[in-house]
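Asks: See final24.cif below, with mmCIF, C-alpha atoms and all ligand atoms.
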data_input
loop_
_atom_site.label_atom_id
_atom_site.label_comp_id
_atom_site.auth_asym_id
_atom_site.auth_seq_id
_atom_site.Cartn_x
_atom_site.Cartn_y
_atom_site.Cartn_z
CA MET A 298 276.09 119.20 -70.38
CA ASN A 299 273.19 117.59 -72.15
CA TYR A 300 270.36 115.57 -70.63
CA GLU A 301 271.85 112.33 -71.86
CA GLU A 302 274.89 112.99 -69.64
CA MET A 303 272.79 114.31 -66.76
CA THR A 304 270.54 111.24 -66.37
CA ASP A 305 271.34 108.89 -63.53
CA LYS A 306 271.99 105.57 -65.26
CA SER A 307 271.23 103.69 -62.04
CA ASN A 308 267.69 105.11 -61.83
CA ILE A 309 266.16 104.46 -65.22
CA PRO A 310 262.35 104.00 -65.08
CA THR A 311 261.40 100.35 -65.45
CA HIS A 312 258.33 101.14 -67.55
CA ILE A 313 257.89 104.16 -69.79
CA ALA A 314 254.56 104.69 -71.53
CA ILE A 315 254.14 107.29 -74.26
CA ILE A 316 251.18 109.10 -75.79
CA MET A 317 252.69 110.06 -79.14
CA ASP A 318 250.81 113.19 -80.14
CA GLY A 319 251.48 115.89 -82.73
CA ASN A 320 252.18 114.08 -86.00
CA GLY A 321 249.44 115.98 -87.81
CA ARG A 322 250.58 119.39 -86.56
CA TRP A 323 254.19 118.58 -87.39
CA ALA A 324 253.17 117.94 -91.00
CA LYS A 325 250.87 120.98 -91.14
CA LYS A 326 253.74 123.25 -90.04
CA ARG A 327 255.62 121.98 -93.09
CA LEU A 328 252.59 122.36 -95.37
CA MET A 329 252.53 118.63 -95.87
CA PRO A 330 249.72 116.07 -95.59
CA ARG A 331 249.08 114.38 -92.21
CA SER A 332 250.31 111.10 -93.68
CA VAL A 333 253.85 112.55 -93.85
CA GLY A 334 253.59 113.39 -90.14
CA HIS A 335 252.57 109.85 -89.26
CA LYS A 336 255.46 108.44 -91.29
CA ALA A 337 257.88 110.77 -89.52
CA GLY A 338 256.30 109.65 -86.24
CA ALA A 339 256.94 106.01 -87.10
CA ASP A 340 260.60 106.84 -87.89
CA MET A 341 261.02 108.54 -84.51
CA LEU A 342 259.37 105.63 -82.76
CA LYS A 343 262.02 103.34 -84.19
CA ARG A 344 264.75 105.53 -82.67
CA ILE A 345 263.02 105.77 -79.30
CA VAL A 346 262.60 101.99 -79.04
CA ARG A 347 266.29 101.54 -79.75
CA LYS A 348 267.26 104.17 -77.20
CA CYS A 349 265.03 102.72 -74.48
CA ASN A 350 266.49 99.29 -75.11
CA ASP A 351 270.03 100.66 -74.95
CA MET A 352 269.31 102.51 -71.70
CA GLY A 353 267.93 99.42 -70.00
CA VAL A 354 264.25 100.41 -69.89
CA LYS A 355 262.44 97.11 -69.31
CA TYR A 356 259.01 98.04 -70.69
CA LEU A 357 258.06 100.62 -73.29
CA THR A 358 254.38 101.00 -74.18
CA VAL A 359 253.15 103.38 -76.86
CA TYR A 360 249.64 104.55 -77.68
CA ALA A 361 249.59 103.85 -81.40
CA PHE A 362 245.83 103.61 -82.09
CA SER A 363 243.05 104.23 -79.59
CA THR A 364 239.50 102.88 -79.54
CA GLU A 365 238.48 106.46 -80.39
CA ASN A 366 240.83 106.76 -83.38
CA TRP A 367 238.34 104.82 -85.57
CA LYS A 368 236.39 108.09 -85.73
CA ARG A 369 239.11 109.60 -87.95
CA PRO A 370 238.50 109.76 -91.72
CA ASP A 371 238.69 106.30 -93.35
CA GLU A 372 241.70 107.39 -95.34
CA GLU A 373 243.70 108.24 -92.20
CA VAL A 374 242.64 105.03 -90.44
CA SER A 375 243.81 102.99 -93.45
CA LEU A 376 247.04 104.90 -93.56
CA LEU A 377 247.76 104.25 -89.88
CA MET A 378 246.93 100.55 -90.23
CA GLY A 379 249.16 100.33 -93.30
CA LEU A 380 251.96 102.08 -91.43
CA ILE A 381 251.73 99.58 -88.59
CA VAL A 382 252.04 96.75 -91.12
CA THR A 383 255.06 98.26 -92.90
CA TYR A 384 256.65 99.27 -89.60
CA LEU A 385 256.49 95.69 -88.34
CA GLN A 386 257.59 94.21 -91.68
CA LYS A 387 260.59 96.53 -91.82
CA GLU A 388 261.66 96.67 -88.19
CA VAL A 389 261.01 93.26 -86.64
CA LYS A 390 264.24 91.73 -87.95
CA GLU A 391 266.40 94.44 -86.40
CA MET A 392 264.36 94.55 -83.20
CA ASN A 393 264.72 90.80 -82.89
CA GLU A 394 268.49 91.04 -83.37
CA ASN A 395 268.50 93.67 -80.62
CA ASN A 396 266.65 91.36 -78.24
CA VAL A 397 263.45 93.47 -78.24
CA ARG A 398 260.26 91.61 -77.38
CA ILE A 399 257.11 92.89 -79.05
CA GLY A 400 253.78 92.91 -77.24
CA ALA A 401 250.35 94.44 -77.67
CA ILE A 402 247.52 95.74 -75.53
CA GLY A 403 244.01 96.37 -76.77
CA ASP A 404 241.33 94.50 -78.67
CA ILE A 405 243.70 93.52 -81.46
CA GLU A 406 241.38 90.92 -82.97
CA LYS A 407 239.30 93.79 -84.36
CA LEU A 408 242.24 95.22 -86.32
CA PRO A 409 242.32 94.68 -90.08
CA LYS A 410 243.52 91.13 -90.73
CA LYS A 411 246.86 92.16 -92.20
CA ALA A 412 247.78 94.30 -89.19
CA TYR A 413 246.60 91.59 -86.81
CA ASP A 414 248.57 88.86 -88.60
CA GLU A 415 251.73 90.95 -88.78
CA LEU A 416 251.47 91.79 -85.10
CA LYS A 417 250.93 88.17 -84.06
CA LYS A 418 253.90 87.16 -86.21
CA ALA A 419 256.13 89.82 -84.62
CA MET A 420 255.06 88.73 -81.14
CA GLU A 421 255.77 85.09 -81.95
CA ILE A 422 259.21 85.77 -83.46
CA THR A 423 260.35 87.88 -80.51
CA LYS A 424 258.64 86.02 -77.68
CA ASP A 425 261.81 84.68 -76.06
CA ASN A 426 263.73 87.95 -76.16
CA THR A 427 264.86 89.47 -72.89
CA GLY A 428 265.47 93.11 -73.83
CA VAL A 429 262.87 95.84 -73.64
CA VAL A 430 259.26 94.65 -73.89
CA PHE A 431 257.93 97.02 -76.51
CA SER A 432 254.13 97.05 -76.48
CA LEU A 433 251.89 98.70 -79.01
CA ALA A 434 248.55 99.89 -77.69
CA LEU A 435 246.30 99.16 -80.67
CA ASN A 436 242.54 99.51 -80.61
CA TYR A 437 243.20 100.19 -76.94
CA GLY A 438 241.30 102.32 -74.48
CA PHE A 439 241.11 101.84 -70.73
CA ARG A 440 237.30 101.95 -70.65
CA ASP A 441 237.18 99.15 -73.18
CA ASP A 442 239.80 97.22 -71.19
CA LEU A 443 237.65 97.56 -68.08
CA SER A 444 234.56 96.04 -69.73
CA HIS A 445 236.70 93.35 -71.39
CA ALA A 446 238.16 92.45 -67.98
CA ILE A 447 234.75 92.34 -66.26
CA LYS A 448 233.31 90.14 -69.04
CA ASN A 449 236.18 87.68 -68.67
CA MET A 450 235.91 87.61 -64.89
CA MET A 451 232.20 86.84 -65.18
CA LYS A 452 232.76 84.17 -67.83
CA GLU A 453 235.16 82.44 -65.46
CA ASN A 454 232.66 82.73 -62.63
CA ILE A 455 235.29 83.90 -60.23
CA ASP A 456 234.38 84.18 -56.59
CA ILE A 457 233.31 87.78 -55.84
CA GLU A 458 235.02 87.65 -52.45
CA LYS A 459 238.31 86.94 -54.20
CA ILE A 460 238.23 90.04 -56.39
CA ASP A 461 240.88 92.45 -55.21
CA ASP A 462 243.33 94.77 -56.89
CA GLU A 463 245.65 91.92 -57.80
CA THR A 464 242.93 89.73 -59.34
CA ALA A 465 241.50 92.66 -61.29
CA LYS A 466 244.92 93.47 -62.73
CA LYS A 467 245.25 89.90 -64.04
CA TYR A 468 242.27 90.44 -66.33
CA LEU A 469 243.48 93.66 -67.91
CA TYR A 470 245.36 93.72 -71.21
CA THR A 471 248.28 95.13 -69.22
CA SER A 472 248.53 92.09 -66.91
CA TYR A 473 252.00 91.15 -68.21
CA MET A 474 253.61 94.48 -67.41
CA PRO A 475 254.26 96.48 -64.23
CA ASP A 476 252.49 99.85 -63.95
CA PRO A 477 254.27 102.63 -65.81
CA ASP A 478 256.74 104.65 -63.76
CA LEU A 479 256.73 107.47 -66.25
CA ILE A 480 254.01 108.51 -68.69
CA ILE A 481 255.08 110.95 -71.39
CA ARG A 482 252.69 112.89 -73.60
CA THR A 483 254.10 114.93 -76.45
CA GLY A 484 252.25 117.55 -78.50
CA GLY A 485 251.14 119.99 -75.81
CA GLU A 486 247.86 118.48 -74.55
CA ILE A 487 247.61 117.78 -70.84
CA ARG A 488 245.35 114.77 -70.60
CA LEU A 489 245.45 110.96 -70.65
CA SER A 490 242.82 110.36 -73.34
CA ASN A 491 241.70 106.98 -71.98
CA PHE A 492 245.26 105.63 -71.78
CA MET A 493 246.15 103.32 -68.86
CA LEU A 494 243.88 105.12 -66.40
CA TYR A 495 244.14 102.37 -63.79
CA GLU A 496 247.82 101.68 -64.28
CA ALA A 497 248.66 105.40 -64.04
CA SER A 498 247.66 105.61 -60.36
CA TYR A 499 251.21 106.28 -59.19
CA SER A 500 252.94 107.14 -62.43
CA GLU A 501 254.91 110.31 -62.84
CA PHE A 502 253.67 112.46 -65.72
CA TYR A 503 255.73 114.38 -68.22
CA PHE A 504 253.93 116.64 -70.67
CA CYS A 505 255.82 118.57 -73.29
CA ASP A 506 255.03 120.75 -76.29
CA THR A 507 257.44 118.91 -78.58
CA LEU A 508 255.57 117.30 -81.45
CA TRP A 509 256.10 113.54 -81.61
CA PRO A 510 258.25 113.46 -84.80
CA GLU A 511 260.67 115.81 -83.00
CA PHE A 512 260.78 113.90 -79.73
CA ASP A 513 264.28 112.52 -80.12
CA GLU A 514 266.76 110.71 -77.84
CA GLU A 515 267.78 113.93 -76.06
CA GLN A 516 264.13 114.78 -75.40
CA LEU A 517 263.62 111.31 -73.97
CA CYS A 518 266.62 111.81 -71.68
CA LYS A 519 265.17 115.15 -70.58
CA ALA A 520 261.93 113.40 -69.59
CA ILE A 521 263.89 110.73 -67.71
CA TYR A 522 266.01 113.40 -66.02
CA GLU A 523 262.89 115.25 -64.83
CA TYR A 524 261.41 111.98 -63.61
CA GLN A 525 264.56 111.40 -61.58
CA GLN A 526 264.05 114.74 -59.77
CA ARG A 527 260.60 113.69 -58.53
CA ASP A 528 259.92 112.44 -55.04
CA ARG A 529 257.89 109.23 -55.38
CA ARG A 530 256.09 108.36 -52.16
CA PHE A 531 253.28 106.03 -53.33
CA GLY A 532 250.98 107.40 -50.64
CA ASN A 533 253.56 106.92 -47.90
CA VAL A 534 255.58 109.53 -45.98
CA LYS A 535 259.25 110.13 -46.49
C1 LIG A 601 248.53 111.37 -82.71
O1 LIG A 601 248.98 112.43 -83.50
C2 LIG A 601 249.10 110.15 -83.19
C3 LIG A 601 248.39 109.03 -83.48
C4 LIG A 601 246.93 108.91 -83.36
C5 LIG A 601 249.04 107.83 -83.99
C6 LIG A 601 250.43 107.58 -83.57
C7 LIG A 601 251.11 106.94 -84.69
C8 LIG A 601 252.44 106.98 -84.97
C9 LIG A 601 253.44 107.60 -84.10
C10 LIG A 601 252.99 106.42 -86.21
C11 LIG A 601 252.65 105.04 -86.54
C12 LIG A 601 252.78 104.06 -85.47
C13 LIG A 601 253.34 102.87 -85.62
C14 LIG A 601 253.28 101.89 -84.52
C15 LIG A 601 254.03 102.49 -86.85
P1 LIG A 601 247.94 113.28 -84.34
O2 LIG A 601 247.99 112.85 -85.75
O3 LIG A 601 246.61 113.24 -83.71
O4 LIG A 601 248.58 114.70 -84.25
P2 LIG A 601 247.84 116.09 -84.21
O5 LIG A 601 247.20 116.19 -82.85
O6 LIG A 601 248.94 117.05 -84.40
O7 LIG A 601 246.84 116.12 -85.32
#
Take the structure in this file and express it as structure tokens.
Ligand code: FPP
Replies:
Amino acid sequence: MNYEEMTDKSNIPTHIAIIMDGNGRWAKKRLMPRSVGHKAGADMLKRIVRKCNDMGVKYLTVYAFSTENWKRPDEEVSLLMGLIVTYLQKEVKEMNENNVRIGAIGDIEKLPKKAYDELKKAMEITKDNTGVVFSLALNYGFRDDLSHAIKNMMKENIDIEKIDDETAKKYLYTSYMPDPDLIIRTGGEIRLSNFMLYEASYSEFYFCDTLWPEFDEEQLCKAIYEYQQRDRRFGNVK
């Protein structure tokens, strides 16, 4: 039996978030430039979005470009931004036909104009769709989200006494989505790298050595299967 068959179709995580790591190493193993790894990563992302939608995952959020990724060489930053543009130009039509709704978290206004415009267009075209909400974390980092949320709370002069968990959540980029049930990180590192630190409070974690361009549908099902074996108590007793 494979993991696809072993997963319990009645217990699919509502929200899966993914740290897609290992594109560079995947390319290096093949003696190819990092750009080839990122392109292969974008191709796998397309498959994973489709699979999540087919399986009934309601929210899929992927860490596509962090606030720290600007430190990479200019050439790689431009390549990633260009890939986001071509990815959206190529895939939005099909995603729209498949009822996928595109979203974004992060300070997207600071993205290059072309990437920003393409993203806004994709979000507008798909805004009424009811399938998986596929969010790209772009120029996203939780620490930045925290200061962005505090600034907005202060601008609105909200009553300090009224600030609780629920109010705080409303000011985060992630306000439109439930917290992730399952956070996957590919590529062998065991850390969150500033990704959804607040929202991850009760998430289940799945770390694997598979490099992102090799993280296929069966690997996704394996992660979901392992998630289904966990005992989620949310601080309560069983
Ligand atoms: C980390 O791998 C990956 C990224 C920083 C970017 C993720 C981008 C993609 C999957 C492709 C493009 C995305 C879209 C939305 C079209 P790494 O390059 O740091 O890998 P390494 O650790 O092996 O060097």
Asks: Could you tell me how far CA of Gly484 (chain A) sits from atom P2 of ligand LIG 601 (chain A), in Å to one decimal place?
Replies: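 We find that atom P2 of ligand LIG 601 (chain A) and CA of Gly484 (chain A) lie 7.4 Å from each other.
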Asks: Measuring between only C-alpha atoms, which one of A:Lys387, A:Lys448, A:His312, A:Lys466 shows the shortest distance to Gly353 (chain A)?
Replies: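 Ranking A:Lys387, A:Lys448, A:His312, A:Lys466 by distance to Gly353 (chain A), first place goes to A:His312.
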Asks: So which residues touch Asp462 (chain A) within 12 Å, counting all atoms listed in the file, skipping near sequence neighbours fewer than 4 positions away, as a JSON list (two decimals) with C-alpha atoms, in the frame of the given file?
Replies:
[["chain", "number", "residue", "atom", "x", "y", "z"],
["A", 458, "GLU", "CA", 235.02, 87.65, -52.45],
["A", 466, "LYS", "CA", 244.92, 93.47, -62.73],
["A", 467, "LYS", "CA", 245.25, 89.90, -64.04],
["A", 468, "TYR", "CA", 242.27, 90.44, -66.33],
["A", 469, "LEU", "CA", 243.48, 93.66, -67.91],
["A", 472, "SER", "CA", 248.53, 92.09, -66.91],
["A", 495, "TYR", "CA", 244.14, 102.37, -63.79],
["A", 496, "GLU", "CA", 247.82, 101.68, -64.28]]
Asks: List all protein, DNA and RNA residues that have an atom no more than 8 Å from any atom of ligand LIG 601 (chain A), counting all atoms listed in the file, and report them as an MDAnalysis selection string.
Replies: chainID A and resid 316:324 331 334:342 359:363 366 377 380:385 433 484 508:510
Asks: For a quick check of your reading of the model, name the residues lying within 12 Å of the coordinate (250.7, 90.5, -66.8), counting only C-alpha atoms, and write them as a list in words.
Replies: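 The residues near that point, listed by chain and number, are Tyr356, Gly400, Ala401, Ile402, Val430, Glu463, Thr464, Ala465, Lys466, Lys467, Tyr468, Leu469, Tyr470, Thr471, Ser472, Tyr473, Met474, Pro475, Asp476 and Glu496 of chain A.
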Asks: Give me the residues near Ile422 (chain A) as a PDB file with C-alpha atoms, keeping the file's coordinate frame, where near means some atom within 10 Å (using all atoms listed in the file) and where sequence neighbours in that chain fewer than 6 positions away do not count.
Replies:
ATOM      1  CA  VAL A 389     261.010  93.260 -86.640  1.00  0.00           C
ATOM      2  CA  LYS A 390     264.240  91.730 -87.950  1.00  0.00           C
ATOM      3  CA  ASN A 393     264.720  90.800 -82.890  1.00  0.00           C
ATOM      4  CA  ARG A 398     260.260  91.610 -77.380  1.00  0.00           C
ATOM      5  CA  ILE A 399     257.110  92.890 -79.050  1.00  0.00           C
ATOM      6  CA  LEU A 416     251.470  91.790 -85.100  1.00  0.00           C
TER       7      LEU A 416
END
Asks: Can you list, as a list in words, every protein, DNA or RNA residue that comes within 8 Å of region 304-309 of chain A when you count all atoms listed in the file, leaving out same-chain residues fewer than 2 positions away?
Replies: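 Residues near the query, excluding close chain neighbours: Tyr300, Glu301, Glu302, Thr311, Met352, Gly353, Val354, Cys518, Lys519, Ile521, Tyr522 and Gln525 of chain A.
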Asks: So the first atom is CA of Asn491 (chain A) and the second is CA of Asp442 (chain A); what is the distance between them in Å, to one decimal place?
Replies: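 Atom-to-atom, CA of Asn491 (chain A) and CA of Asp442 (chain A) are spaced 10.0 Å apart.
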